[in-house]
file entry20.tsv (TSV, C-alpha atoms and all ligand atoms)
chain	number	residue	atom	x	y	z
T	551	MET	CA	-21.31	15.99	28.36
T	552	LYS	CA	-20.60	13.33	25.73
T	553	ASP	CA	-22.21	9.89	25.86
T	554	LYS	CA	-19.57	7.26	26.74
T	555	ASN	CA	-21.48	4.66	24.82
T	556	ALA	CA	-21.73	6.68	21.63
T	557	PRO	CA	-19.76	5.42	18.61
T	558	VAL	CA	-16.39	6.61	17.41
T	559	GLY	CA	-16.45	8.10	13.91
T	560	VAL	CA	-13.69	6.97	11.56
T	561	PHE	CA	-13.29	8.29	8.04
T	562	ASP	CA	-11.10	7.89	5.02
T	563	SER	CA	-11.13	8.66	1.32
T	564	GLY	CA	-12.25	5.06	0.75
T	565	ILE	CA	-11.24	1.61	1.85
T	566	GLY	CA	-7.73	2.30	3.14
T	567	GLY	CA	-8.90	3.60	6.52
T	568	LEU	CA	-10.19	0.13	7.25
T	569	THR	CA	-6.62	-0.70	8.27
T	570	VAL	CA	-7.06	1.90	11.02
T	571	ALA	CA	-10.60	0.73	11.89
T	572	ARG	CA	-9.24	-2.81	12.18
T	573	GLU	CA	-6.67	-1.67	14.74
T	574	ILE	CA	-9.32	0.22	16.71
T	575	MET	CA	-11.44	-2.95	16.76
T	576	ARG	CA	-8.46	-4.91	18.07
T	577	GLN	CA	-7.27	-2.46	20.69
T	578	THR	CA	-10.63	-1.15	21.95
T	579	PRO	CA	-13.07	-4.00	21.29
T	580	ASN	CA	-15.85	-2.37	23.32
T	581	GLU	CA	-16.07	0.66	21.07
T	582	LYS	CA	-18.76	1.05	18.43
T	583	ILE	CA	-17.58	2.45	15.12
T	584	ILE	CA	-19.28	4.46	12.40
T	585	TYR	CA	-16.99	4.28	9.37
T	586	PHE	CA	-17.34	6.51	6.35
T	587	GLY	CA	-15.36	5.80	3.16
T	588	ASP	CA	-15.58	8.46	0.45
T	589	THR	CA	-15.53	5.92	-2.36
T	590	ALA	CA	-17.14	8.33	-4.85
T	591	ARG	CA	-14.38	10.92	-4.52
T	592	VAL	CA	-11.28	8.80	-3.83
T	593	PRO	CA	-8.35	9.40	-4.32
T	594	TYR	CA	-7.61	12.36	-2.06
T	595	GLY	CA	-3.87	11.93	-2.52
T	596	SER	CA	-3.72	13.83	-5.81
T	597	LYS	CA	-6.25	16.56	-4.90
T	598	SER	CA	-5.67	20.06	-3.55
T	599	LYS	CA	-5.71	21.06	0.10
T	600	GLU	CA	-8.90	23.10	-0.45
T	601	THR	CA	-10.76	20.16	-1.97
T	602	VAL	CA	-9.63	17.67	0.65
T	603	THR	CA	-10.60	20.13	3.41
T	604	ARG	CA	-14.06	20.66	1.91
T	605	TYR	CA	-14.62	16.91	1.63
T	606	SER	CA	-13.40	16.34	5.20
T	607	ARG	CA	-15.68	19.07	6.53
T	608	GLN	CA	-18.71	17.44	4.89
T	609	ILE	CA	-17.78	14.07	6.39
T	610	VAL	CA	-17.43	15.56	9.86
T	611	ARG	CA	-20.92	17.05	9.47
T	612	PHE	CA	-22.27	13.64	8.52
T	613	LEU	CA	-20.55	12.00	11.50
T	614	GLN	CA	-22.01	14.64	13.79
T	615	THR	CA	-25.48	13.52	12.71
T	616	GLN	CA	-24.50	10.07	14.04
T	617	GLN	CA	-23.69	11.53	17.47
T	618	VAL	CA	-20.12	10.31	17.50
T	619	LYS	CA	-18.10	11.00	20.66
T	620	ALA	CA	-14.71	11.24	18.90
T	621	ILE	CA	-13.45	11.28	15.32
T	622	VAL	CA	-10.44	9.53	13.84
T	623	VAL	CA	-9.24	10.99	10.56
T	624	ALA	CA	-8.00	7.66	9.22
T	625	CYS	CA	-6.55	9.15	6.05
T	626	ASN	CA	-3.04	10.54	5.89
T	627	THR	CA	-3.88	13.06	3.18
T	628	ALA	CA	-6.89	14.42	5.10
T	629	SER	CA	-4.82	14.47	8.30
T	630	ALA	CA	-2.10	16.38	6.48
T	631	TYR	CA	-4.33	18.88	4.71
T	632	ALA	CA	-7.52	19.29	6.72
T	633	LEU	CA	-7.19	18.23	10.35
T	634	ASP	CA	-5.80	21.52	11.70
T	635	GLU	CA	-8.75	23.40	10.27
T	636	ILE	CA	-11.65	21.02	10.87
T	637	GLU	CA	-10.76	20.24	14.46
T	638	LYS	CA	-11.25	23.90	15.33
T	639	GLU	CA	-14.78	23.81	13.98
T	640	THR	CA	-16.26	21.32	16.43
T	641	ASP	CA	-15.94	20.33	20.06
T	642	ILE	CA	-15.71	16.63	19.18
T	643	PRO	CA	-12.18	15.41	20.00
T	644	MET	CA	-10.35	14.50	16.82
T	645	ILE	CA	-7.15	12.67	16.05
T	646	GLY	CA	-5.37	12.05	12.80
T	647	VAL	CA	-2.90	9.40	11.73
T	648	VAL	CA	0.14	11.61	11.11
T	649	LYS	CA	1.09	12.73	14.62
T	650	PRO	CA	1.03	9.24	16.18
T	651	GLY	CA	3.12	7.84	13.31
T	652	ALA	CA	5.65	10.68	13.53
T	653	LYS	CA	6.02	10.25	17.30
T	654	THR	CA	6.66	6.52	17.04
T	655	ALA	CA	9.19	6.99	14.25
T	656	VAL	CA	11.16	9.40	16.46
T	657	GLU	CA	11.13	6.84	19.27
T	658	THR	CA	12.25	4.13	16.85
T	659	THR	CA	15.14	5.64	14.91
T	660	ALA	CA	18.68	5.04	16.13
T	661	ASN	CA	20.61	6.73	13.33
T	662	GLY	CA	18.34	9.78	12.97
T	663	GLN	CA	17.40	8.97	9.37
T	664	ILE	CA	13.67	8.47	8.83
T	665	GLY	CA	11.89	7.81	5.54
T	666	VAL	CA	8.21	8.48	4.86
T	667	ILE	CA	6.19	7.07	1.99
T	668	GLY	CA	2.73	8.35	1.16
T	669	THR	CA	0.53	10.03	-1.44
T	670	GLU	CA	1.68	13.08	-3.40
T	671	GLY	CA	-0.46	15.26	-1.12
T	672	THR	CA	0.94	13.91	2.14
T	673	ILE	CA	4.55	14.05	0.99
T	674	SER	CA	4.34	17.50	-0.59
T	675	SER	CA	2.65	18.89	2.55
T	676	GLY	CA	5.85	18.06	4.45
T	677	ILE	CA	3.73	17.33	7.51
T	678	TYR	CA	5.63	14.28	8.74
T	679	SER	CA	8.93	16.21	8.64
T	680	ARG	CA	7.29	19.09	10.49
T	681	TYR	CA	6.00	16.93	13.34
T	682	ILE	CA	9.22	14.90	13.54
T	683	GLN	CA	11.43	17.96	13.61
T	684	GLU	CA	9.24	19.60	16.23
T	685	ILE	CA	10.16	16.69	18.48
T	686	ASN	CA	13.79	16.42	17.38
T	687	PRO	CA	15.20	18.94	14.88
T	688	GLU	CA	18.34	16.83	14.42
T	689	ILE	CA	16.48	14.06	12.64
T	690	LYS	CA	16.66	13.95	8.87
T	691	VAL	CA	13.39	13.05	7.14
T	692	THR	CA	13.17	11.96	3.51
T	693	GLY	CA	9.75	11.69	1.90
T	694	LYS	CA	8.90	9.69	-1.19
T	695	ALA	CA	5.51	9.81	-2.91
T	696	CYS	CA	4.41	6.37	-4.12
T	697	PRO	CA	1.21	7.12	-6.07
T	698	LEU	CA	1.02	3.72	-7.77
T	699	PHE	CA	0.80	1.82	-4.49
T	700	THR	CA	-2.83	2.82	-3.86
T	701	PRO	CA	-4.24	1.41	-7.13
T	702	LEU	CA	-2.06	-1.72	-6.79
T	703	VAL	CA	-3.53	-2.38	-3.35
T	704	GLU	CA	-7.06	-1.68	-4.56
T	705	GLU	CA	-6.52	-4.15	-7.39
T	706	GLY	CA	-5.58	-6.76	-4.81
T	707	LEU	CA	-1.98	-7.05	-6.07
T	708	TRP	CA	-0.58	-7.25	-2.54
T	709	GLN	CA	1.87	-10.02	-3.38
T	710	ASP	CA	2.69	-9.64	-7.01
T	711	PRO	CA	5.82	-9.21	-9.13
T	712	VAL	CA	4.42	-5.94	-10.51
T	713	THR	CA	4.11	-4.49	-6.99
T	714	ASP	CA	7.62	-5.78	-6.21
T	715	GLU	CA	9.11	-4.06	-9.22
T	716	ILE	CA	7.39	-0.74	-8.56
T	717	ALA	CA	8.26	-0.87	-4.87
T	718	ARG	CA	11.92	-1.47	-5.74
T	719	ARG	CA	11.99	1.64	-7.90
T	720	TYR	CA	10.25	3.82	-5.34
T	721	LEU	CA	12.28	2.62	-2.39
T	722	GLU	CA	15.75	2.58	-3.99
T	723	GLU	CA	16.45	6.14	-3.00
T	724	LEU	CA	15.52	5.53	0.65
T	725	ILE	CA	17.74	2.45	0.78
T	726	ASP	CA	20.67	4.47	-0.62
T	727	ILE	CA	20.24	7.16	2.03
T	728	GLY	CA	20.50	4.54	4.77
T	729	ILE	CA	17.28	5.22	6.69
T	730	ASP	CA	16.65	2.89	9.63
T	731	THR	CA	12.93	3.72	10.07
T	732	LEU	CA	10.23	3.94	7.43
T	733	ILE	CA	6.75	5.35	8.06
T	734	LEU	CA	3.97	3.75	6.05
T	735	GLY	CA	2.31	7.15	5.59
T	736	CYS	CA	-0.73	6.04	3.62
T	737	THR	CA	-3.64	3.95	4.76
T	738	HIS	CA	-3.16	1.41	1.99
T	739	TYR	CA	0.48	0.61	2.65
T	740	PRO	CA	0.09	-1.67	5.68
T	741	LEU	CA	-1.47	-4.12	3.22
T	742	ILE	CA	1.80	-4.35	1.28
T	743	ARG	CA	3.90	-4.24	4.40
T	744	SER	CA	5.61	-7.55	3.69
T	745	THR	CA	6.70	-6.44	0.21
T	746	VAL	CA	8.02	-3.12	1.50
T	747	GLY	CA	9.72	-4.82	4.46
T	748	ARG	CA	11.43	-7.39	2.27
T	749	ILE	CA	12.78	-4.73	-0.09
T	750	MET	CA	13.95	-2.40	2.69
T	751	GLY	CA	15.66	-5.24	4.59
T	752	ASP	CA	15.80	-6.24	8.26
T	753	GLN	CA	17.79	-3.19	9.34
T	754	VAL	CA	14.80	-0.93	8.61
T	755	THR	CA	11.85	-0.80	11.04
T	756	LEU	CA	8.47	-0.11	9.49
T	757	VAL	CA	6.11	2.17	11.42
T	758	ASN	CA	2.42	1.60	10.87
T	759	PRO	CA	0.52	4.73	11.98
T	760	ALA	CA	-2.71	2.69	12.11
T	761	TYR	CA	-1.46	0.86	15.18
T	762	GLU	CA	-0.25	4.01	16.91
T	763	THR	CA	-3.43	5.90	16.09
T	764	ALA	CA	-5.60	3.23	17.70
T	765	ARG	CA	-3.37	3.43	20.77
T	766	GLU	CA	-3.72	7.20	20.85
T	767	LEU	CA	-7.50	6.90	20.56
T	768	LYS	CA	-7.55	4.54	23.50
T	769	GLU	CA	-5.51	7.00	25.57
T	770	LEU	CA	-7.74	9.88	24.55
T	771	LEU	CA	-10.93	8.02	25.53
T	772	GLU	CA	-9.38	7.05	28.86
T	773	ALA	CA	-8.17	10.58	29.59
T	774	ARG	CA	-11.63	12.01	28.93
T	775	ASP	CA	-13.47	9.20	30.64
T	776	LEU	CA	-15.18	8.32	27.39
T	777	GLN	CA	-14.55	4.56	27.15
T	778	ASN	CA	-17.59	2.50	26.35
T	779	ASP	CA	-18.43	0.47	29.43
T	780	GLU	CA	-21.31	-1.49	27.91
T	781	GLU	CA	-20.81	-5.14	26.98
T	782	PRO	CA	-21.67	-5.76	23.31
T	783	HIS	CA	-25.30	-6.89	22.96
T	784	LEU	CA	-25.97	-10.06	21.04
T	785	GLY	CA	-26.65	-9.30	17.37
T	786	GLU	CA	-25.87	-5.63	17.87
T	787	ASP	CA	-24.81	-3.62	14.86
T	788	ARG	CA	-21.54	-2.65	16.49
T	789	TYR	CA	-19.76	-1.51	13.37
T	790	ARG	CA	-21.63	0.50	10.79
T	791	PHE	CA	-20.21	1.35	7.40
T	792	TYR	CA	-21.23	4.16	5.07
T	793	VAL	CA	-19.80	5.00	1.67
T	794	SER	CA	-20.49	7.54	-1.05
T	795	ASP	CA	-20.48	4.97	-3.90
T	796	ALA	CA	-19.89	1.33	-4.89
T	797	ALA	CA	-21.07	-0.25	-1.65
T	798	ASN	CA	-20.64	-3.84	-2.84
T	799	LYS	CA	-17.04	-3.38	-3.86
T	800	PHE	CA	-16.36	-1.76	-0.50
T	801	LYS	CA	-18.06	-4.60	1.33
T	802	ARG	CA	-16.00	-7.22	-0.51
T	803	PHE	CA	-12.78	-5.44	0.28
T	804	ALA	CA	-13.77	-4.81	3.88
T	805	ASN	CA	-14.59	-8.46	4.40
T	806	SER	CA	-11.18	-9.44	3.05
T	807	ILE	CA	-9.34	-7.44	5.69
T	808	ILE	CA	-11.71	-7.27	8.66
T	809	LYS	CA	-12.76	-10.53	10.18
T	810	TYR	CA	-16.01	-9.39	11.76
T	811	GLY	CA	-18.33	-10.15	8.85
T	812	ILE	CA	-19.39	-6.81	7.42
T	813	LEU	CA	-22.90	-7.38	6.27
T	814	SER	CA	-23.80	-4.05	4.85
T	815	ALA	CA	-22.38	-0.76	3.70
T	816	ARG	CA	-24.94	1.96	3.12
T	817	ILE	CA	-24.59	4.63	0.48
T	818	ILE	CA	-25.19	8.24	1.49
T	819	ASN	CA	-25.04	11.41	-0.56
T	820	ILE	CA	-22.16	13.17	1.12
T	821	GLU	CA	-22.65	16.30	-0.98
T	822	GLU	CA	-25.78	16.98	1.06
T	823	TYR	CA	-23.75	17.63	4.20
P	901	LIG	N1	-6.36	7.30	2.26
P	901	LIG	C1	-5.33	7.96	1.51
P	901	LIG	C2	-4.17	8.32	2.44
P	901	LIG	O1	-3.95	7.71	3.47
P	901	LIG	C3	-4.84	7.10	0.37
P	901	LIG	C4	-5.81	6.99	-0.78
P	901	LIG	C5	-6.11	8.32	-1.45
P	901	LIG	O2	-5.26	8.87	-2.16
P	901	LIG	O3	-7.21	8.81	-1.22
P	901	LIG	O4	-3.47	9.25	2.17

call {"tool": "encode", "arguments": {"input": "entry20.tsv", "output": "C-alpha cells"}}
result
Amino acid sequence: MKDKNAPVGVFDSGIGGLTVAREIMRQTPNEKIIYFGDTARVPYGSKSKETVTRYSRQIVRFLQTQQVKAIVVACNTASAYALDEIEKETDIPMIGVVKPGAKTAVETTANGQIGVIGTEGTISSGIYSRYIQEINPEIKVTGKACPLFTPLVEEGLWQDPVTDEIARRYLEELIDIGIDTLILGCTHYPLIRSTVGRIMGDQVTLVNPAYETARELKELLEARDLQNDEEPHLGEDRYRFYVSDAANKFKRFANSIIKYGILSARIINIEEY
C-alpha cells in the first residue's frame, strides 16, 4: 500500500522538466515533489535509446530511495525511448509526457494535420505518430527535429531575433503543409511558446504536453486514491530538487520559471544508482 502523503518523483535530463513540475504545482498544489535534473549528462535528445534508458533506470532507482508514490518522466526523449521498459521494472505508477500530448493533439485537430517538434531522439523514434495513429489512423503527423531550440532556451534567448530566425527556418515546412495543431514535444519549448505561436499564426493551436501531463497525473492519483490529503506545513520543504551537476545554475534557472522560491538544489552522484 503506497503512502498518500509521499512525494511525486519528477525527472528530466536537466532544467526543461521544470515546465512540467510547474504545471504539477499549479494543478495539484497539495502534492510534494522530488525533482531530479540530470544536468551532468544533458542533453538526452542526441543520445541513443540504450544510453537514455540506462540513465532513466538509474534515476528511477534514485527516486525509489526517496519513497515516491508515482513518477512523472518529464522528458520527451526519455518518455520516447525508455518509459516502456522502465515502467515494467517497478510497481510505482509512471507516466510520461508523450501520451498525454498526443491525446490532446488528436482532440484538437480539425483538419487531421498535426505537427510535432522535438529533439532528434523524440522525432526519430516516431513515438508521437505512433500514439496519434493508434487513436486515429487517418491523421497525418509530421515531425520536425529542432535541436537548436534547447541551447537557445538554456541561454535565456526566449525572445530574441536569433531564436526568431531559427524558428522560422525550422517551422517553414510545417506551415507549408498546413497543419492546424502543433505539439511542443520537448520540455524546453513551452518557454518559447510565444515565438513559435507568432510564427505559426493564429490558425495553429499549440499543444503543451506539460499541461496535459499534470492533468493526467491528477487523474491517476485520484483513480488510485493517492492524493495527498495533508495541508502543507509552515516552512515545509515541499519541493526538493536534486541535480547531477551545476546546482547553482539550475537554481537560478528554476527560480526564473517557478515562483515558489527554490532555495536549494542538491547534487547527487547518479552513477551510484
Ligand atoms: N528534456 C529533453 C526533452 O524533452 C530536452 C533536452 C535534452 O535534449 O535533453 O526531450

call {"tool": "atom_distance", "arguments": {"input": "entry20.tsv", "atom1": "CA of Lys653 (chain T)", "atom2": "CA of Ile689 (chain T)"}}
result
12.1 Å

call {"tool": "residues_near_ligand", "arguments": {"input": "entry20.tsv", "ligand": "ligand LIG 901 (chain P)", "cutoff": "8 Å", "atoms": "all atoms listed in the file", "output": "mmCIF file with C-alpha atoms, in the frame of the given file"}}
result
data_model
loop_
_atom_site.group_PDB
_atom_site.id
_atom_site.type_symbol
_atom_site.label_atom_id
_atom_site.label_comp_id
_atom_site.auth_asym_id
_atom_site.auth_seq_id
_atom_site.Cartn_x
_atom_site.Cartn_y
_atom_site.Cartn_z
ATOM 1 C CA ASP T 562 -11.100 7.890 5.020
ATOM 2 C CA SER T 563 -11.130 8.660 1.320
ATOM 3 C CA GLY T 564 -12.250 5.060 0.750
ATOM 4 C CA ILE T 565 -11.240 1.610 1.850
ATOM 5 C CA GLY T 566 -7.730 2.300 3.140
ATOM 6 C CA GLY T 567 -8.900 3.600 6.520
ATOM 7 C CA VAL T 592 -11.280 8.800 -3.830
ATOM 8 C CA PRO T 593 -8.350 9.400 -4.320
ATOM 9 C CA TYR T 594 -7.610 12.360 -2.060
ATOM 10 C CA GLY T 595 -3.870 11.930 -2.520
ATOM 11 C CA SER T 596 -3.720 13.830 -5.810
ATOM 12 C CA ALA T 624 -8.000 7.660 9.220
ATOM 13 C CA CYS T 625 -6.550 9.150 6.050
ATOM 14 C CA ASN T 626 -3.040 10.540 5.890
ATOM 15 C CA THR T 627 -3.880 13.060 3.180
ATOM 16 C CA ALA T 628 -6.890 14.420 5.100
ATOM 17 C CA GLY T 668 2.730 8.350 1.160
ATOM 18 C CA THR T 669 0.530 10.030 -1.440
ATOM 19 C CA GLY T 671 -0.460 15.260 -1.120
ATOM 20 C CA THR T 672 0.940 13.910 2.140
ATOM 21 C CA PRO T 697 1.210 7.120 -6.070
ATOM 22 C CA THR T 700 -2.830 2.820 -3.860
ATOM 23 C CA GLY T 735 2.310 7.150 5.590
ATOM 24 C CA CYS T 736 -0.730 6.040 3.620
ATOM 25 C CA THR T 737 -3.640 3.950 4.760
ATOM 26 C CA HIS T 738 -3.160 1.410 1.990
#

call {"tool": "atom_distance", "arguments": {"input": "entry20.tsv", "atom1": "CA of Ile733 (chain T)", "atom2": "CA of Ile685 (chain T)"}}
result
15.8 Å

call {"tool": "residues_around", "arguments": {"input": "entry20.tsv", "residues": "Tyr739 (chain T)", "least_positions_apart": "4", "cutoff": "12 Å", "atoms": "all atoms listed in the file", "output": "NGL selection string"}}
result
:T and (565-570 or 625-626 or 666-669 or 695-704 or 707-708 or 713 or 717 or 732-735 or 743-747 or 756-760)

call {"tool": "atom_distance", "arguments": {"input": "entry20.tsv", "atom1": "CA of Glu688 (chain T)", "atom2": "CA of Ile749 (chain T)"}}
result
26.6 Å

call {"tool": "closest_residue", "arguments": {"input": "entry20.tsv", "among": "T:Asp588, T:Glu769, T:Asp641, T:Glu635", "to": "Tyr792 (chain T)", "atoms": "all atoms listed in the file"}}
result
T:Asp588

call {"tool": "residues_around", "arguments": {"input": "entry20.tsv", "residues": "Arg802 (chain T)", "least_positions_apart": "4", "cutoff": "12 Å", "atoms": "only C-alpha atoms", "output": "number ranges by chain"}}
result
T: 565, 704, 706, 796-798, 806-809, 811-815

call {"tool": "residues_around", "arguments": {"input": "entry20.tsv", "residues": "Asn555 (chain T)", "least_positions_apart": "5", "cutoff": "12 Å", "atoms": "all atoms listed in the file", "output": "list in words"}}
result
Asn580, Glu581, Lys582, Ile583, Gln617, Val618, Lys619, Ala620, Leu771, Asp775, Leu776, Gln777, Asn778, Asp779, Glu780, Glu781, Pro782 and Arg788 of chain T

call {"tool": "residues_around", "arguments": {"input": "entry20.tsv", "residues": "Phe791 (chain T)", "least_positions_apart": "4", "cutoff": "8 Å", "atoms": "all atoms listed in the file", "output": "NGL selection string"}}
result
:T and (584-587 or 814-816)

call {"tool": "axis_aligned_box", "arguments": {"input": "entry20.tsv", "around": "region 554-559 of chain T", "padding_each_side": "5 Å", "output": "AutoDock Vina command-line options"}}
result
--center_x -19.1 --center_y 6.4 --center_z 20.3 --size_x 15.3 --size_y 13.4 --size_z 22.8

call {"tool": "closest_residue", "arguments": {"input": "entry20.tsv", "among": "T:Val691, T:Glu705, T:Phe800, T:Ser679", "to": "Leu724 (chain T)", "atoms": "all atoms listed in the file"}}
result
T:Val691

call {"tool": "residues_around", "arguments": {"input": "entry20.tsv", "residues": "Asn661 (chain T)", "least_positions_apart": "2", "cutoff": "8 Å", "atoms": "all atoms listed in the file", "output": "list in words"}}
result
Thr659, Gln663, Ile729 and Asp730 of chain T

call {"tool": "closest_residue", "arguments": {"input": "entry20.tsv", "among": "T:Thr603, T:Arg718, T:Lys552, T:Pro579", "to": "Tyr789 (chain T)", "atoms": "only C-alpha atoms"}}
result
T:Pro579
